[in-house]
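Chemist: Contents of input.pdb (PDB, C-alpha atoms) are below:
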ATOM      1  CA  MET A   1     -17.361  34.767 -35.204  1.00  0.00           C
ATOM      2  CA  LYS A   2     -14.851  33.102 -32.904  1.00  0.00           C
ATOM      3  CA  ALA A   3     -11.683  34.841 -31.722  1.00  0.00           C
ATOM      4  CA  THR A   4      -8.899  32.844 -30.109  1.00  0.00           C
ATOM      5  CA  VAL A   5      -6.505  34.879 -27.981  1.00  0.00           C
ATOM      6  CA  THR A   6      -3.243  33.128 -27.095  1.00  0.00           C
ATOM      7  CA  VAL A   7      -1.281  34.723 -24.266  1.00  0.00           C
ATOM      8  CA  MET A   8       2.354  33.735 -23.661  1.00  0.00           C
ATOM      9  CA  LEU A   9       5.041  35.105 -21.392  1.00  0.00           C
ATOM     10  CA  LYS A  10       7.438  37.311 -23.353  1.00  0.00           C
ATOM     11  CA  ASN A  11      10.815  35.900 -24.287  1.00  0.00           C
ATOM     12  CA  GLY A  12      13.249  36.527 -21.470  1.00  0.00           C
ATOM     13  CA  VAL A  13      10.573  36.329 -18.784  1.00  0.00           C
ATOM     14  CA  LEU A  14      11.177  33.334 -16.549  1.00  0.00           C
ATOM     15  CA  ASP A  15       8.504  30.665 -17.044  1.00  0.00           C
ATOM     16  CA  PRO A  16       8.499  28.358 -13.992  1.00  0.00           C
ATOM     17  CA  GLN A  17       5.403  26.467 -15.184  1.00  0.00           C
ATOM     18  CA  GLY A  18       7.120  25.674 -18.491  1.00  0.00           C
ATOM     19  CA  LYS A  19      10.257  24.588 -16.623  1.00  0.00           C
ATOM     20  CA  ALA A  20       8.196  22.308 -14.371  1.00  0.00           C
ATOM     21  CA  ILE A  21       6.483  20.715 -17.381  1.00  0.00           C
ATOM     22  CA  ALA A  22       9.848  20.154 -19.100  1.00  0.00           C
ATOM     23  CA  HIS A  23      11.211  18.532 -15.940  1.00  0.00           C
ATOM     24  CA  ALA A  24       8.136  16.295 -15.599  1.00  0.00           C
ATOM     25  CA  LEU A  25       8.378  15.230 -19.265  1.00  0.00           C
ATOM     26  CA  HIS A  26      12.045  14.298 -18.801  1.00  0.00           C
ATOM     27  CA  THR A  27      11.136  12.321 -15.673  1.00  0.00           C
ATOM     28  CA  LEU A  28       8.478  10.452 -17.681  1.00  0.00           C
ATOM     29  CA  GLY A  29      11.159   9.446 -20.202  1.00  0.00           C
ATOM     30  CA  PHE A  30      10.513  11.957 -23.002  1.00  0.00           C
ATOM     31  CA  SER A  31      14.112  12.771 -23.875  1.00  0.00           C
ATOM     32  CA  GLY A  32      13.771  14.860 -27.024  1.00  0.00           C
ATOM     33  CA  VAL A  33      12.180  17.836 -25.306  1.00  0.00           C
ATOM     34  CA  GLY A  34      13.987  21.170 -25.171  1.00  0.00           C
ATOM     35  CA  GLU A  35      12.482  24.404 -23.987  1.00  0.00           C
ATOM     36  CA  VAL A  36       8.847  24.381 -22.878  1.00  0.00           C
ATOM     37  CA  ARG A  37       6.699  27.515 -22.542  1.00  0.00           C
ATOM     38  CA  ALA A  38       3.270  27.520 -20.961  1.00  0.00           C
ATOM     39  CA  GLY A  39       0.550  30.021 -21.709  1.00  0.00           C
ATOM     40  CA  LYS A  40      -3.170  30.640 -21.770  1.00  0.00           C
ATOM     41  CA  VAL A  41      -5.709  30.464 -24.523  1.00  0.00           C
ATOM     42  CA  ILE A  42      -9.072  32.216 -24.406  1.00  0.00           C
ATOM     43  CA  GLU A  43     -11.752  31.424 -26.987  1.00  0.00           C
ATOM     44  CA  LEU A  44     -14.334  34.188 -27.361  1.00  0.00           C
ATOM     45  CA  GLU A  45     -17.647  33.924 -29.168  1.00  0.00           C
ATOM     46  CA  LEU A  46     -18.216  37.381 -30.691  1.00  0.00           C
ATOM     47  CA  THR A  47     -21.424  38.702 -32.222  1.00  0.00           C
ATOM     48  CA  GLU A  48     -19.318  40.954 -34.494  1.00  0.00           C
ATOM     49  CA  THR A  49     -19.217  39.567 -38.035  1.00  0.00           C
ATOM     50  CA  ASP A  50     -16.718  41.976 -39.631  1.00  0.00           C
ATOM     51  CA  PRO A  51     -13.234  40.405 -39.305  1.00  0.00           C
ATOM     52  CA  ALA A  52     -11.407  43.752 -38.966  1.00  0.00           C
ATOM     53  CA  LYS A  53     -13.722  44.954 -36.210  1.00  0.00           C
ATOM     54  CA  ALA A  54     -13.636  41.583 -34.453  1.00  0.00           C
ATOM     55  CA  GLN A  55      -9.832  41.656 -34.554  1.00  0.00           C
ATOM     56  CA  ALA A  56      -9.781  45.190 -33.113  1.00  0.00           C
ATOM     57  CA  ALA A  57     -12.252  44.260 -30.356  1.00  0.00           C
ATOM     58  CA  ALA A  58     -10.283  41.135 -29.422  1.00  0.00           C
ATOM     59  CA  GLU A  59      -7.064  43.167 -29.308  1.00  0.00           C
ATOM     60  CA  GLU A  60      -8.641  45.691 -26.976  1.00  0.00           C
ATOM     61  CA  MET A  61      -9.934  42.891 -24.714  1.00  0.00           C
ATOM     62  CA  ALA A  62      -6.477  41.327 -24.656  1.00  0.00           C
ATOM     63  CA  ARG A  63      -4.800  44.615 -23.755  1.00  0.00           C
ATOM     64  CA  LYS A  64      -7.364  45.590 -21.122  1.00  0.00           C
ATOM     65  CA  LEU A  65      -8.020  42.255 -19.426  1.00  0.00           C
ATOM     66  CA  LEU A  66      -6.668  39.045 -20.877  1.00  0.00           C
ATOM     67  CA  ALA A  67      -2.934  39.773 -21.048  1.00  0.00           C
ATOM     68  CA  ASN A  68      -0.550  41.589 -18.753  1.00  0.00           C
ATOM     69  CA  THR A  69       1.367  43.334 -21.533  1.00  0.00           C
ATOM     70  CA  VAL A  70       4.286  44.167 -19.241  1.00  0.00           C
ATOM     71  CA  ILE A  71       5.339  40.515 -19.172  1.00  0.00           C
ATOM     72  CA  GLU A  72       3.017  38.806 -21.667  1.00  0.00           C
ATOM     73  CA  SER A  73       2.508  38.985 -25.400  1.00  0.00           C
ATOM     74  CA  PHE A  74      -0.641  37.876 -27.198  1.00  0.00           C
ATOM     75  CA  ARG A  75      -1.736  36.814 -30.656  1.00  0.00           C
ATOM     76  CA  ILE A  76      -5.229  36.616 -32.059  1.00  0.00           C
ATOM     77  CA  SER A  77      -6.731  34.319 -34.639  1.00  0.00           C
ATOM     78  CA  LEU A  78     -10.239  34.545 -36.032  1.00  0.00           C
ATOM     79  CA  GLU A  79     -12.601  31.881 -37.358  1.00  0.00           C
ATOM     80  CA  ASP A  80     -16.091  32.114 -38.753  1.00  0.00           C
TER      81      ASP A  80
ATOM     82  CA  MET B   1      10.550  21.377 -34.538  1.00  0.00           C
ATOM     83  CA  LYS B   2       7.990  23.142 -32.402  1.00  0.00           C
ATOM     84  CA  ALA B   3       4.800  21.469 -31.188  1.00  0.00           C
ATOM     85  CA  THR B   4       1.974  23.536 -29.738  1.00  0.00           C
ATOM     86  CA  VAL B   5      -0.469  21.615 -27.556  1.00  0.00           C
ATOM     87  CA  THR B   6      -3.739  23.411 -26.828  1.00  0.00           C
ATOM     88  CA  VAL B   7      -5.764  21.973 -23.966  1.00  0.00           C
ATOM     89  CA  MET B   8      -9.408  22.988 -23.490  1.00  0.00           C
ATOM     90  CA  LEU B   9     -12.143  21.741 -21.211  1.00  0.00           C
ATOM     91  CA  LYS B  10     -14.506  19.433 -23.111  1.00  0.00           C
ATOM     92  CA  ASN B  11     -17.863  20.789 -24.198  1.00  0.00           C
ATOM     93  CA  GLY B  12     -20.337  20.312 -21.400  1.00  0.00           C
ATOM     94  CA  VAL B  13     -17.733  20.659 -18.664  1.00  0.00           C
ATOM     95  CA  LEU B  14     -18.374  23.778 -16.610  1.00  0.00           C
ATOM     96  CA  ASP B  15     -15.689  26.420 -17.195  1.00  0.00           C
ATOM     97  CA  PRO B  16     -15.750  28.876 -14.277  1.00  0.00           C
ATOM     98  CA  GLN B  17     -12.631  30.708 -15.509  1.00  0.00           C
ATOM     99  CA  GLY B  18     -14.271  31.335 -18.864  1.00  0.00           C
ATOM    100  CA  LYS B  19     -17.458  32.489 -17.135  1.00  0.00           C
ATOM    101  CA  ALA B  20     -15.447  34.901 -14.971  1.00  0.00           C
ATOM    102  CA  ILE B  21     -13.663  36.324 -18.023  1.00  0.00           C
ATOM    103  CA  ALA B  22     -16.999  36.789 -19.839  1.00  0.00           C
ATOM    104  CA  HIS B  23     -18.421  38.576 -16.802  1.00  0.00           C
ATOM    105  CA  ALA B  24     -15.353  40.844 -16.516  1.00  0.00           C
ATOM    106  CA  LEU B  25     -15.518  41.709 -20.231  1.00  0.00           C
ATOM    107  CA  HIS B  26     -19.199  42.664 -19.893  1.00  0.00           C
ATOM    108  CA  THR B  27     -18.348  44.802 -16.855  1.00  0.00           C
ATOM    109  CA  LEU B  28     -15.650  46.551 -18.916  1.00  0.00           C
ATOM    110  CA  GLY B  29     -18.267  47.408 -21.536  1.00  0.00           C
ATOM    111  CA  PHE B  30     -17.574  44.770 -24.191  1.00  0.00           C
ATOM    112  CA  SER B  31     -21.152  43.926 -25.082  1.00  0.00           C
ATOM    113  CA  GLY B  32     -20.735  41.664 -28.115  1.00  0.00           C
ATOM    114  CA  VAL B  33     -19.189  38.779 -26.209  1.00  0.00           C
ATOM    115  CA  GLY B  34     -21.002  35.465 -25.927  1.00  0.00           C
ATOM    116  CA  GLU B  35     -19.521  32.280 -24.559  1.00  0.00           C
ATOM    117  CA  VAL B  36     -15.913  32.379 -23.369  1.00  0.00           C
ATOM    118  CA  ARG B  37     -13.791  29.274 -22.817  1.00  0.00           C
ATOM    119  CA  ALA B  38     -10.383  29.347 -21.169  1.00  0.00           C
ATOM    120  CA  GLY B  39      -7.649  26.811 -21.719  1.00  0.00           C
ATOM    121  CA  LYS B  40      -3.932  26.183 -21.654  1.00  0.00           C
ATOM    122  CA  VAL B  41      -1.333  26.206 -24.356  1.00  0.00           C
ATOM    123  CA  ILE B  42       2.034  24.469 -24.074  1.00  0.00           C
ATOM    124  CA  GLU B  43       4.769  25.129 -26.635  1.00  0.00           C
ATOM    125  CA  LEU B  44       7.348  22.361 -26.814  1.00  0.00           C
ATOM    126  CA  GLU B  45      10.701  22.525 -28.562  1.00  0.00           C
ATOM    127  CA  LEU B  46      11.297  18.987 -29.873  1.00  0.00           C
ATOM    128  CA  THR B  47      14.538  17.584 -31.261  1.00  0.00           C
ATOM    129  CA  GLU B  48      12.482  15.213 -33.454  1.00  0.00           C
ATOM    130  CA  THR B  49      12.462  16.403 -37.083  1.00  0.00           C
ATOM    131  CA  ASP B  50      10.011  13.907 -38.581  1.00  0.00           C
ATOM    132  CA  PRO B  51       6.527  15.475 -38.417  1.00  0.00           C
ATOM    133  CA  ALA B  52       4.674  12.166 -37.937  1.00  0.00           C
ATOM    134  CA  LYS B  53       6.957  11.112 -35.070  1.00  0.00           C
ATOM    135  CA  ALA B  54       6.805  14.579 -33.497  1.00  0.00           C
ATOM    136  CA  GLN B  55       3.003  14.487 -33.671  1.00  0.00           C
ATOM    137  CA  ALA B  56       2.927  11.049 -32.052  1.00  0.00           C
ATOM    138  CA  ALA B  57       5.330  12.136 -29.303  1.00  0.00           C
ATOM    139  CA  ALA B  58       3.350  15.304 -28.571  1.00  0.00           C
ATOM    140  CA  GLU B  59       0.126  13.279 -28.418  1.00  0.00           C
ATOM    141  CA  GLU B  60       1.658  10.872 -25.932  1.00  0.00           C
ATOM    142  CA  MET B  61       2.891  13.804 -23.803  1.00  0.00           C
ATOM    143  CA  ALA B  62      -0.564  15.356 -23.894  1.00  0.00           C
ATOM    144  CA  ARG B  63      -2.269  12.133 -22.851  1.00  0.00           C
ATOM    145  CA  LYS B  64       0.240  11.290 -20.119  1.00  0.00           C
ATOM    146  CA  LEU B  65       0.872  14.708 -18.592  1.00  0.00           C
ATOM    147  CA  LEU B  66      -0.459  17.842 -20.244  1.00  0.00           C
ATOM    148  CA  ALA B  67      -4.186  17.109 -20.437  1.00  0.00           C
ATOM    149  CA  ASN B  68      -6.638  15.409 -18.112  1.00  0.00           C
ATOM    150  CA  THR B  69      -8.475  13.527 -20.832  1.00  0.00           C
ATOM    151  CA  VAL B  70     -11.448  12.810 -18.571  1.00  0.00           C
ATOM    152  CA  ILE B  71     -12.500  16.463 -18.713  1.00  0.00           C
ATOM    153  CA  GLU B  72     -10.122  18.034 -21.246  1.00  0.00           C
ATOM    154  CA  SER B  73      -9.534  17.650 -24.957  1.00  0.00           C
ATOM    155  CA  PHE B  74      -6.343  18.658 -26.749  1.00  0.00           C
ATOM    156  CA  ARG B  75      -5.185  19.536 -30.223  1.00  0.00           C
ATOM    157  CA  ILE B  76      -1.645  19.661 -31.558  1.00  0.00           C
ATOM    158  CA  SER B  77      -0.094  21.820 -34.235  1.00  0.00           C
ATOM    159  CA  LEU B  78       3.462  21.525 -35.538  1.00  0.00           C
ATOM    160  CA  GLU B  79       5.838  24.125 -36.956  1.00  0.00           C
ATOM    161  CA  ASP B  80       9.360  23.763 -38.280  1.00  0.00           C
TER     162      ASP B  80
END
What do you get writing this file as structure tokens?
Modeler:
Amino acid sequence: MKATVTVMLKNGVLDPQGKAIAHALHTLGFSGVGEVRAGKVIELELTETDPAKAQAAAEEMARKLLANTVIESFRISLED
Amino acid sequence: MKATVTVMLKNGVLDPQGKAIAHALHTLGFSGVGEVRAGKVIELELTETDPAKAQAAAEEMARKLLANTVIESFRISLED
């Protein structure tokens, strides 16, 4: 099954990449854009077929490698 | 409303970041991991309240700035 891990900077952590994107969008004439946050997404193909175990494995991967949990939060979604 | 733009390398385009993550996960002992693809996610706060217009605006932003459509594909999801 496929696990998608989305990693974003926590609220309150300065996001210069998001700020740069917002500035570039305004420069390109997109006026209705407020805050922009940039993050990472990692799609993992897992051999595990049990959703609960796949979720637990993906969470462990996120905590150990994919996210820096001091400044980043992550969410996981699963698909067959 | 909030638009989330997810940008991934197209299938067939080599993804060295994904390969590196897969290798690191194997080194850490996660054995049930197959292909890994890495991408970007950009969360945009839009003043637009009409979903169709917000979708169109986010698509234009993705094509003009957020994604390199030669090698990357994008998908958009909207939330109130």
Chemist: Write out as a list of chain:residue names each polymer residue whose atoms come within 8 Å of A:Gln55, counting only C-alpha atoms; drop sequence neighbours fewer than 4 positions from it.
Modeler: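 Neighbouring residues, sequence-local ones excluded: A:Ala3, A:Pro51, A:Glu59, A:Ile76, A:Ser77, A:Leu78.
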Chemist: Work out how far apart atom CA of B:His26 and atom CA of B:Val41 are and give it in Å to one decimal.
Modeler: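 Distance reported for this atom pair: 24.7 Å.
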Chemist: How would you write, as a list in words, the residues chosen by the PyMOL selection byres ((chain A and resi 48) around 10) on this structure?
Modeler: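 Checking the PyMOL selection byres ((chain A and resi 48) around 10) against this file, the residues are Met1, Lys2, Glu45, Leu46, Thr47, Thr49, Asp50, Pro51, Ala52, Lys53, Ala54, Gln55 and Ala57 of chain A; Gly32 and Val33 of chain B.
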Chemist: Determine the nearest neighbour of B:Leu9 from the options A:Glu72, A:Glu79, A:Glu60, A:Glu43, counting only C-alpha atoms.
Modeler: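 Checking each of A:Glu72, A:Glu79, A:Glu60, A:Glu43 against B:Leu9, counting only C-alpha atoms, the winner is A:Glu43.
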Chemist: Using all atoms listed in the file and a cut-off of 9 Å, which residues of chain A sit close to chain B? Please list them as a PyMOL selection string.
Modeler: chain A and resi 6-8+18+21-22+24-25+28+30-48+57+61+64-66
Chemist: Limited to C-alpha atoms, could you put the picked residues into a file as a compact mmCIF listing (two decimals), keeping the file's coordinate frame?
Modeler:
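File written: part-v2.txt
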# COMPACT_ATOMS: atom_id res chain seq x y z
CA THR A 6 -3.24 33.13 -27.10
CA VAL A 7 -1.28 34.72 -24.27
CA MET A 8 2.35 33.74 -23.66
CA GLY A 18 7.12 25.67 -18.49
CA ILE A 21 6.48 20.72 -17.38
CA ALA A 22 9.85 20.15 -19.10
CA ALA A 24 8.14 16.30 -15.60
CA LEU A 25 8.38 15.23 -19.26
CA LEU A 28 8.48 10.45 -17.68
CA PHE A 30 10.51 11.96 -23.00
CA SER A 31 14.11 12.77 -23.88
CA GLY A 32 13.77 14.86 -27.02
CA VAL A 33 12.18 17.84 -25.31
CA GLY A 34 13.99 21.17 -25.17
CA GLU A 35 12.48 24.40 -23.99
CA VAL A 36 8.85 24.38 -22.88
CA ARG A 37 6.70 27.52 -22.54
CA ALA A 38 3.27 27.52 -20.96
CA GLY A 39 0.55 30.02 -21.71
CA LYS A 40 -3.17 30.64 -21.77
CA VAL A 41 -5.71 30.46 -24.52
CA ILE A 42 -9.07 32.22 -24.41
CA GLU A 43 -11.75 31.42 -26.99
CA LEU A 44 -14.33 34.19 -27.36
CA GLU A 45 -17.65 33.92 -29.17
CA LEU A 46 -18.22 37.38 -30.69
CA THR A 47 -21.42 38.70 -32.22
CA GLU A 48 -19.32 40.95 -34.49
CA ALA A 57 -12.25 44.26 -30.36
CA MET A 61 -9.93 42.89 -24.71
CA LYS A 64 -7.36 45.59 -21.12
CA LEU A 65 -8.02 42.26 -19.43
CA LEU A 66 -6.67 39.04 -20.88
Chemist: Atom CA of A:Arg75 and atom CA of A:Arg63 are how many Å apart?
Modeler: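 Distance reported for this atom pair: 10.9 Å.
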Chemist: Can you tell me how far atom CA of A:Lys10 sits from atom CA of B:Thr27, in Å to one decimal?
Modeler: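 Separating atom CA of A:Lys10 from atom CA of B:Thr27 is a distance of 27.6 Å.
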